[in-house]
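Q: Below is a structure I'd like to ask you about.
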Amino acid sequence: MAENQTLSSNQKALIGAGLAAAVGAAGFLLARRSADVHDDAQNISDAPDHTWRRKTGRYQEGLVGRTVSINRPAQEIYERWRDFTSFPTFMENVDSVEDLGGGRSKWKVKAPLGSTVELVTKIIEDQPGVTIAWASEPDSQVQTEGRVEFFAQAPGRGTGVRLTLKYDPPAGLPGRAVAKILQREPNVQARRDLRRFKQLIETGEVATNASPSARKSETPTQATI
Amino acid sequence: MRALTWHGRHDVRVETVPDPEIVNPHDAILRVTSTAICGSDLHLYDGYIPGMRAGDVLGHEFMGEVVEVGPQSTLTKGQRVVVPFPIACGECFFCKKQQFSCCDNTNPVETSEATEFQYGYPMAGVFGYSHLTGGYAGGQAEYVRVPFSNVGPIVVPDHLEDDKVLFLSDILPTGWMAAENCEIEPGDTVAVWGCGPVGLFAIQSALIMGAHRVIAIDHYKSRLALAKQLGAEILDYREVDVREALAEMTGGIGPDAVIDAVGLEAHGISIDNIMDQVKSMTFMVTDRIHAFREAVLSVRKGGRVSVPGVYGGFADKFPVGAFMEKGLTMKTGQTHVHRYLKPLLEQIEQGKVDTTFLISHHAPLEQAAEMYKNWHDNQDQFTKIVLKTQMATPKQEQEEKQHELA
């Protein structure tokens with residue numbers, strides 16, 4: 001009797017597994033099908049624009065972004081960001097930012113293969129404690145738009161800080177791919193810069209692994225990857 | 001200074017490297033007095049952990065004397081301190097939640113992306129443990145830079161000798177947290193896989209926390225003897241079928257909680273482990289999870305699984321069915337060492353926790369490479385090695401060194 005029960009439960013398990021597999025396969029096919037449909041009415045996700053997939057409703061070409069949580073009030077973080085001339089302390093690819101007055105700043109930025117580009121940006125939106133947005137002036141070598149937003153999060157989670165950048169890569173998409181490989185791609189830079197900014201504000205320093213090693217080419221005060 | 005450096009699989013050397021310097025405001029520099037070789041250092045030695053670079057200084061269990069401080073350090077020169085192996089900033093969301101080994105800010109941006117890609121979020125910095133966790137130089141050296149020295153190090157009283165407090169850096173709190181993660185209730189039986197230092201401290205901790213019984217599993221006789229000495233019942237898996245033995249010893253109920261203090265390089269002759277070994281050699285999986293599997297299959301229904309053993313990548317045949325159907329709870333993670341420093345130091349001072357019983361060898365730092373080999377090849381005899389920076393090298397060795405110099 002007991003054996004019969006075991007057998008039948010085993011059979012049930014097998015049937016169950018078979019059913020699960022069939023449902024899984026059907027689901028997979030359906031999912032693939034629906035992914036091919038680009039009806040605006042079906043674009044329902046609440047996620048920020050820069051996370052949307054290509055060919056979906058809120059996708060924007062060239063828009064990249066990153067969000068971090070910083071354990072400080074929004075106003076304080078806003079004030080730290082508002083001083084563009086401090087950017088070189090946490091933005092690895094920014095050599096200098098000069099305040100030209102009237103919301104205009106002149107940037108010297110490292111570009112792939114050791115070159116530098118200069119651009120002048122102007123603040124186009126400035127809401128204390130909420131957001132700062134800037135855009136390059138038309139005669140700049142690189143066209144870029146940036147925005148940083150500060151928003152309240154759930155209790156105990158600090159302030160959400162979202163940096164989004166929009167830029168036209170100098171040599172189009174292939175240029176972007178090259179920049180990515182050389183780690184001068186804005187998306188890579190943005191997420192690293194933002195994390196450095198967070199470290200600086202939360203702890204007062206940017207973490208570095210500068211340490212002794214047996215590698216002759218390095219010194220104990222130099223960061224290594 | 002002299003330091004133990006990694007150069008490849010089974011190739012570590014003691015050599016002269018530059019002294020560390022203060023780089024950031026919260027830094028301090030220690031003159032290391034004692035440093036231990038950890039079981040997880042063997043994963044580096046065996047080449048299992050990616051992100052190592054030839055020339056890296058190893059060591060994440062160390063203590064010493066403060067010799068230099070940055071402007072924001074809260075330490076003062078001359079203090080004797082023990083340093084937790086994870087580096088924590090004390091300010092981020094995770095540190096504020098006392099989840100110090102999850103710190104968001106101590107793995108430098110340049111090195112944290114690997115774990116961000118692999119695990120979803122960047123892991124905290126750790127001393128001497130590959131560039132995945134920051135690429136910080138470790139403390140198996142004469143001197144070490146301690147970042148965020150305002151948060152991690154604990155000052156220890158002079159009357160407690162190094163051997164008594166050194167293990168606050170890792171294995172003592174790791175064993176303690178492993179037992180804590182078992183959420184022990186009166187009457188509980190806790191089974192512990194692996195009687196290395198962490199397993200032994202987990203056994204001791206579980207008994208202090210009120211476990212009714214602890215059953216320890218290993219195959220090294222001297223390690224099992226230490227477990228027995230602590231009050232555990234022991235199983236040599238070469239003598240018995242562990243799952244059957246555990247079920248029989250617990251009246252068919254099974255252990256209430258299980259601790260995997262083995263990690264990704266499980267030993268053992270079983271079909272699943274041999275398959276894992278073959279696959280890991282052919283890079284089809286990275287972690288061998290035999291001990292973990294056996295623990296999940298052995299624990300009672302509704303039981304708790306605690307995993308202090310180190311895993312790094314992906315594994316095969318995760319018994320997800322047993323895990324779900326039995327209604328298990330798993331707790332794991334790198335130890336939030338900072339949380340346990342004060343209470344455990346108190347227990348050491350009161351004589352409630354013995355930290356010296358497992359030390360089998362003391363050796364000068366100069367012999368560190370040889371000690372790594374012993375630690376790897378002779379795990380039965382070498383249960384814990386403490387390296388001393390000030391210990392004289394035995395005479396014969398000194399003569400050999402002089403020959404080399406001449």
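By convention here, the chains of the structure tokens are called A, B, ... in the order presented, each chain's residues are numbered starting at 1, and ligands are numbered starting at 1 in the order presented.
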Give as an mmCIF file with N, CA and C atoms, in the first residue's frame every residue of chain A that touches chain B within 7 Å, counting only C-alpha atoms.
A:
```cif
data_model
loop_
_atom_site.group_PDB
_atom_site.id
_atom_site.type_symbol
_atom_site.label_atom_id
_atom_site.label_comp_id
_atom_site.auth_asym_id
_atom_site.auth_seq_id
_atom_site.Cartn_x
_atom_site.Cartn_y
_atom_site.Cartn_z
ATOM 1 N N ASN A 71 23.366 59.479 2.144
ATOM 2 C CA ASN A 71 22.842 59.633 3.499
ATOM 3 C C ASN A 71 22.969 61.059 4.018
ATOM 4 N N ARG A 157 16.522 55.887 4.054
ATOM 5 C CA ARG A 157 17.277 55.564 2.833
ATOM 6 C C ARG A 157 18.038 56.762 2.283
ATOM 7 N N ARG A 192 30.830 56.103 -12.225
ATOM 8 C CA ARG A 192 31.991 56.176 -11.331
ATOM 9 C C ARG A 192 32.035 57.515 -10.599
ATOM 10 N N ARG A 195 29.506 57.693 -7.809
ATOM 11 C CA ARG A 195 29.882 56.929 -6.611
ATOM 12 C C ARG A 195 30.985 57.646 -5.834
ATOM 13 N N ARG A 196 31.913 58.269 -6.562
ATOM 14 C CA ARG A 196 32.950 59.052 -5.874
ATOM 15 C C ARG A 196 32.332 60.228 -5.121
ATOM 16 N N GLN A 199 30.817 58.924 -1.991
ATOM 17 C CA GLN A 199 31.866 58.626 -0.993
ATOM 18 C C GLN A 199 32.345 59.913 -0.329
ATOM 19 N N GLU A 202 29.476 61.399 1.915
ATOM 20 C CA GLU A 202 29.144 60.593 3.096
ATOM 21 C C GLU A 202 30.324 60.460 4.053
ATOM 22 N N THR A 203 31.526 60.317 3.519
ATOM 23 C CA THR A 203 32.664 59.996 4.399
ATOM 24 C C THR A 203 33.715 61.090 4.464
ATOM 25 N N GLU A 205 35.955 61.535 2.151
ATOM 26 C CA GLU A 205 37.103 61.163 1.326
ATOM 27 C C GLU A 205 36.674 60.204 0.218
ATOM 28 N N ALA A 207 37.474 56.797 -1.534
ATOM 29 C CA ALA A 207 38.221 55.588 -1.196
ATOM 30 C C ALA A 207 39.286 55.313 -2.246
ATOM 31 N N THR A 208 40.473 54.952 -1.783
ATOM 32 C CA THR A 208 41.530 54.568 -2.717
ATOM 33 C C THR A 208 42.279 53.371 -2.151
ATOM 34 N N ASN A 209 42.715 52.498 -3.048
ATOM 35 C CA ASN A 209 43.443 51.314 -2.587
ATOM 36 C C ASN A 209 44.948 51.534 -2.599
ATOM 37 N N SER A 211 48.363 51.395 -2.003
ATOM 38 C CA SER A 211 49.006 50.539 -1.002
ATOM 39 C C SER A 211 50.333 50.032 -1.539
ATOM 40 N N PRO A 212 51.172 49.554 -0.639
ATOM 41 C CA PRO A 212 52.405 48.933 -1.110
ATOM 42 C C PRO A 212 52.117 47.637 -1.858
ATOM 43 N N SER A 213 52.945 47.327 -2.833
ATOM 44 C CA SER A 213 52.894 46.023 -3.487
ATOM 45 C C SER A 213 54.290 45.731 -3.993
ATOM 46 N N ALA A 214 54.475 44.514 -4.494
ATOM 47 C CA ALA A 214 55.789 44.159 -5.032
ATOM 48 C C ALA A 214 55.914 44.580 -6.493
ATOM 49 N N ARG A 215 54.922 45.329 -6.998
ATOM 50 C CA ARG A 215 54.998 45.776 -8.396
ATOM 51 C C ARG A 215 55.849 47.038 -8.472
ATOM 52 N N PRO A 220 53.181 53.408 -3.238
ATOM 53 C CA PRO A 220 52.136 53.194 -2.223
ATOM 54 C C PRO A 220 51.124 54.335 -2.132
ATOM 55 N N THR A 221 51.304 55.375 -2.903
ATOM 56 C CA THR A 221 50.322 56.465 -2.851
ATOM 57 C C THR A 221 49.484 56.544 -4.118
ATOM 58 N N ILE A 225 44.118 49.591 -10.337
ATOM 59 C CA ILE A 225 42.868 48.926 -10.712
ATOM 60 C C ILE A 225 43.051 47.417 -10.592
#
```
Q: Using only C-alpha atoms, pick whichever of B:Met123, B:Met249, B:Ala179, B:Met391 has the shortest atom-to-atom distance to Ser298 (chain B).
A: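 Between B:Met123, B:Met249, B:Ala179, B:Met391, the residue approaching Ser298 (chain B) most closely is B:Met249.
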Q: Select from region 58-222 of chain A everything DSSP, run on the backbone, classes as strand (DSSP E), then give the selection as a ChimeraX atom specification.
A: /A:63-70,94-101,104-110,116-127,131-136,144-152,159-167
Q: I'd like the interatomic distance between CA of Met324 (chain B) and CA of Gln98 (chain B), to a tenth of an Å.
A: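 Going from CA of Met324 (chain B) over to CA of Gln98 (chain B), I get 28.5 Å.
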Q: When you count only C-alpha atoms, which of these residues is closest to Val151 (chain B): B:Thr74, B:Thr35, B:Thr356, B:Gln381?
A: B:Thr74
Q: Hey, what does DSSP flag as alpha helix (DSSP H) within region 196-262 of chain B? Can you give it to me as a ChimeraX atom specification?
A: /B:197-208,221-230,242-249
Q: Can you write out the residues you just picked, keeping C-alpha atoms, as a compact mmCIF listing (two decimals), in the first residue's frame?
A:
```
# COMPACT_ATOMS: atom_id res chain seq x y z
CA PRO B 197 39.23 27.82 12.93
CA VAL B 198 35.83 29.27 11.95
CA GLY B 199 34.07 25.95 12.51
CA LEU B 200 35.74 25.55 15.90
CA PHE B 201 34.78 29.06 16.99
CA ALA B 202 31.25 28.44 15.69
CA ILE B 203 31.07 25.32 17.86
CA GLN B 204 32.27 27.23 20.92
CA SER B 205 29.85 30.08 20.20
CA ALA B 206 26.86 27.79 19.63
CA LEU B 207 27.48 26.15 23.00
CA ILE B 208 27.79 29.55 24.71
CA LYS B 221 41.58 13.77 13.29
CA SER B 222 43.32 16.57 15.20
CA ARG B 223 40.71 19.13 14.22
CA LEU B 224 37.93 16.77 15.28
CA ALA B 225 39.80 16.26 18.55
CA LEU B 226 39.72 20.02 19.15
CA ALA B 227 35.98 20.02 18.42
CA LYS B 228 35.49 17.23 20.94
CA GLN B 229 37.56 19.13 23.48
CA LEU B 230 35.12 22.04 23.11
CA VAL B 242 26.85 11.96 7.60
CA ARG B 243 23.20 12.39 6.64
CA GLU B 244 22.22 9.05 8.10
CA ALA B 245 24.30 9.59 11.22
CA LEU B 246 22.77 13.02 11.86
CA ALA B 247 19.23 11.75 11.37
CA GLU B 248 19.86 8.78 13.65
CA MET B 249 21.55 10.87 16.33
```
Q: In Å, with one decimal, what is the gap from CA of Pro186 (chain B) to CA of Asp256 (chain B)?
A: 10.6 Å
Q: Thr189 (chain B): which residues within 7 Å, counting only C-alpha atoms, same-chain residues fewer than 4 positions away excluded, as a PDB file with N, CA and C atoms, in the first residue's frame?
A:
```pdb
ATOM      1  N   ALA B 211      23.132  26.083  22.739  1.00  0.00           N
ATOM      2  CA  ALA B 211      22.791  24.890  21.955  1.00  0.00           C
ATOM      3  C   ALA B 211      22.850  23.671  22.877  1.00  0.00           C
ATOM      4  N   HIS B 212      21.877  22.782  22.735  1.00  0.00           N
ATOM      5  CA  HIS B 212      21.846  21.582  23.564  1.00  0.00           C
ATOM      6  C   HIS B 212      22.974  20.634  23.165  1.00  0.00           C
ATOM      7  N   ARG B 213      23.130  20.503  21.859  1.00  0.00           N
ATOM      8  CA  ARG B 213      24.206  19.641  21.336  1.00  0.00           C
ATOM      9  C   ARG B 213      24.809  20.307  20.113  1.00  0.00           C
ATOM     10  N   VAL B 214      26.098  20.039  19.913  1.00  0.00           N
ATOM     11  CA  VAL B 214      26.731  20.424  18.660  1.00  0.00           C
ATOM     12  C   VAL B 214      27.387  19.180  18.077  1.00  0.00           C
ATOM     13  N   PRO B 255      19.153  17.856  12.632  1.00  0.00           N
ATOM     14  CA  PRO B 255      19.663  19.024  13.352  1.00  0.00           C
ATOM     15  C   PRO B 255      18.773  20.235  13.092  1.00  0.00           C
ATOM     16  N   ASP B 256      18.576  21.053  14.133  1.00  0.00           N
ATOM     17  CA  ASP B 256      17.710  22.235  13.996  1.00  0.00           C
ATOM     18  C   ASP B 256      18.377  23.320  13.169  1.00  0.00           C
ATOM     19  N   ALA B 257      19.693  23.358  13.264  1.00  0.00           N
ATOM     20  CA  ALA B 257      20.426  24.348  12.481  1.00  0.00           C
ATOM     21  C   ALA B 257      21.717  23.722  11.991  1.00  0.00           C
TER      22      ALA B 257
END
```
Q: How many Å separate CA of Arg2 (chain B) from CA of His336 (chain B)?
A: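 Between these atoms lies a distance of 29.6 Å.
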Q: Do a neighbour search on Trp52 (chain A) at 12 Å with only C-alpha atoms, toss out local chain neighbours closer than 3 positions, and write the hits as an MDAnalysis selection string.
A: chainID A and resid 43:49 55:65
Q: Please produce a file of the residues just selected, as an mmCIF file, in the first residue's frame, where the atoms kept are C-alpha atoms.
A:
```
data_model
loop_
_atom_site.group_PDB
_atom_site.id
_atom_site.type_symbol
_atom_site.label_atom_id
_atom_site.label_comp_id
_atom_site.auth_asym_id
_atom_site.auth_seq_id
_atom_site.Cartn_x
_atom_site.Cartn_y
_atom_site.Cartn_z
ATOM 1 C CA ASN A 43 4.429 50.817 -22.289
ATOM 2 C CA ILE A 44 3.484 50.728 -18.670
ATOM 3 C CA SER A 45 6.693 50.537 -16.604
ATOM 4 C CA ASP A 46 7.263 53.120 -13.899
ATOM 5 C CA ALA A 47 11.065 53.053 -14.289
ATOM 6 C CA PRO A 48 13.097 56.162 -15.167
ATOM 7 C CA ASP A 49 13.555 56.983 -18.867
ATOM 8 C CA LYS A 55 12.454 50.654 -29.332
ATOM 9 C CA THR A 56 10.204 50.997 -26.277
ATOM 10 C CA GLY A 57 8.066 53.994 -25.384
ATOM 11 C CA ARG A 58 10.303 56.215 -23.250
ATOM 12 C CA TYR A 59 13.654 55.179 -24.702
ATOM 13 C CA GLN A 60 15.833 58.126 -25.743
ATOM 14 C CA GLU A 61 18.888 57.737 -27.935
ATOM 15 C CA GLY A 62 22.069 58.794 -26.133
ATOM 16 C CA LEU A 63 20.445 59.133 -22.705
ATOM 17 C CA VAL A 64 22.373 57.462 -19.909
ATOM 18 C CA GLY A 65 21.893 57.693 -16.191
#
```
Q: Which one of B:Val190, B:His338, B:Ser306, B:Pro364 sits closest to Cys95 (chain B) if you count only C-alpha atoms?
A: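 When distances to Cys95 (chain B) are compared using only C-alpha atoms, the smallest one comes from B:His338.
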Q: Env of region 105-109 of chain A: 12 Å cut, atoms = only C-alpha atoms, seq-sep filter 4 positions within chain, self excluded. Answer as a short mmCIF file (atom, residue, chain, number, x, y, z; two decimals) with N, CA and C atoms, in the first residue's frame.
A:
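Below you can see result-v8.cif, which holds the result:
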```cif
data_model
loop_
_atom_site.label_atom_id
_atom_site.label_comp_id
_atom_site.auth_asym_id
_atom_site.auth_seq_id
_atom_site.Cartn_x
_atom_site.Cartn_y
_atom_site.Cartn_z
N ARG A 82 26.19 72.07 -6.72
CA ARG A 82 26.00 73.37 -7.39
C ARG A 82 27.34 74.07 -7.65
N ASP A 83 28.36 73.69 -6.85
CA ASP A 83 29.69 74.27 -7.05
C ASP A 83 30.44 73.44 -8.10
N PHE A 84 30.23 73.77 -9.37
CA PHE A 84 30.80 72.98 -10.46
C PHE A 84 32.33 72.92 -10.40
N THR A 85 32.94 73.99 -9.83
CA THR A 85 34.41 74.02 -9.85
C THR A 85 35.01 72.90 -8.99
N SER A 86 34.18 72.25 -8.14
CA SER A 86 34.69 71.16 -7.32
C SER A 86 34.65 69.81 -8.06
N PHE A 87 34.08 69.81 -9.25
CA PHE A 87 33.92 68.54 -9.97
C PHE A 87 35.22 67.75 -10.16
N PRO A 88 36.34 68.43 -10.45
CA PRO A 88 37.57 67.64 -10.64
C PRO A 88 37.96 66.79 -9.43
N MET A 91 35.35 63.85 -10.31
CA MET A 91 35.13 63.44 -11.70
C MET A 91 36.48 63.18 -12.34
N GLU A 92 36.73 61.90 -12.58
CA GLU A 92 38.05 61.48 -13.02
C GLU A 92 38.45 62.10 -14.35
N ASN A 93 37.47 62.29 -15.24
CA ASN A 93 37.81 62.74 -16.59
C ASN A 93 37.71 64.25 -16.76
N VAL A 94 37.40 64.94 -15.66
CA VAL A 94 37.29 66.40 -15.77
C VAL A 94 38.57 67.03 -15.20
N ASP A 95 39.32 67.70 -16.06
CA ASP A 95 40.57 68.32 -15.61
C ASP A 95 40.30 69.59 -14.82
N SER A 96 39.40 70.42 -15.34
CA SER A 96 39.07 71.65 -14.61
C SER A 96 37.71 72.16 -15.04
N VAL A 97 37.08 72.90 -14.13
CA VAL A 97 35.84 73.60 -14.46
C VAL A 97 36.00 75.03 -13.97
N GLU A 98 35.83 75.97 -14.88
CA GLU A 98 36.02 77.38 -14.56
C GLU A 98 34.65 78.04 -14.55
N ASP A 99 34.38 78.81 -13.49
CA ASP A 99 33.10 79.50 -13.40
C ASP A 99 33.18 80.80 -14.20
N LEU A 100 32.39 80.87 -15.27
CA LEU A 100 32.43 82.07 -16.13
C LEU A 100 31.39 83.10 -15.69
N GLY A 101 30.61 82.78 -14.64
CA GLY A 101 29.56 83.69 -14.18
C GLY A 101 28.29 83.51 -14.99
N GLY A 114 44.18 60.22 -24.80
CA GLY A 114 44.99 61.30 -24.25
C GLY A 114 44.64 62.70 -24.73
N SER A 115 43.65 62.83 -25.55
CA SER A 115 43.28 64.17 -26.00
C SER A 115 42.34 64.82 -24.97
N THR A 116 42.12 66.12 -25.10
CA THR A 116 41.15 66.78 -24.23
C THR A 116 40.16 67.56 -25.09
N VAL A 117 38.97 67.72 -24.55
CA VAL A 117 38.00 68.57 -25.25
C VAL A 117 37.57 69.68 -24.29
N GLU A 118 37.22 70.82 -24.85
CA GLU A 118 36.74 71.93 -24.05
C GLU A 118 35.29 72.18 -24.39
N LEU A 119 34.52 72.49 -23.39
CA LEU A 119 33.15 72.88 -23.69
C LEU A 119 32.66 73.90 -22.67
N VAL A 120 31.72 74.68 -23.11
CA VAL A 120 31.11 75.67 -22.22
C VAL A 120 29.67 75.26 -22.01
N THR A 121 29.28 75.13 -20.73
CA THR A 121 27.89 74.77 -20.44
C THR A 121 27.20 75.94 -19.74
N LYS A 122 25.89 75.91 -19.84
CA LYS A 122 25.08 76.93 -19.19
C LYS A 122 24.00 76.22 -18.39
N ILE A 123 23.77 76.70 -17.16
CA ILE A 123 22.71 76.10 -16.35
C ILE A 123 21.36 76.49 -16.96
N ILE A 124 20.55 75.49 -17.27
CA ILE A 124 19.26 75.77 -17.90
C ILE A 124 18.10 75.58 -16.91
N TRP A 134 22.03 71.34 -17.01
CA TRP A 134 22.93 72.18 -17.79
C TRP A 134 23.01 71.66 -19.22
N ALA A 135 23.43 72.52 -20.13
CA ALA A 135 23.56 72.09 -21.53
C ALA A 135 24.76 72.81 -22.13
N SER A 136 25.42 72.15 -23.06
CA SER A 136 26.57 72.77 -23.71
C SER A 136 26.09 73.86 -24.66
N GLU A 137 26.94 74.89 -24.81
CA GLU A 137 26.59 75.95 -25.76
C GLU A 137 26.89 75.45 -27.17
N SER A 140 30.38 74.47 -28.69
CA SER A 140 31.28 73.55 -27.99
C SER A 140 31.68 72.38 -28.87
N GLN A 141 32.86 71.79 -28.56
CA GLN A 141 33.36 70.66 -29.36
C GLN A 141 32.47 69.42 -29.22
N VAL A 142 31.87 69.28 -28.03
CA VAL A 142 30.99 68.14 -27.78
C VAL A 142 29.64 68.69 -27.34
N THR A 144 26.42 68.23 -25.19
CA THR A 144 26.00 67.41 -24.06
C THR A 144 24.93 68.12 -23.25
N ARG A 184 36.19 55.89 -21.43
CA ARG A 184 35.90 57.32 -21.42
C ARG A 184 34.45 57.54 -21.86
N GLU A 185 33.69 56.47 -21.79
CA GLU A 185 32.31 56.58 -22.21
C GLU A 185 31.52 57.28 -21.10
N PRO A 186 30.66 58.22 -21.43
CA PRO A 186 29.97 58.98 -20.38
C PRO A 186 29.21 58.12 -19.38
N GLN A 189 31.77 56.80 -17.01
CA GLN A 189 32.25 57.93 -16.22
C GLN A 189 31.20 58.39 -15.23
#
```
Q: Please provide the set of residues having any atom within 12 Å of region 314-323 of chain B, restricted to only C-alpha atoms, with same-chain residues fewer than 5 positions apart removed, written as a PyMOL selection string.
A: chain B and resi 118-119+263-265+271-273+275-280+283-305+328-330
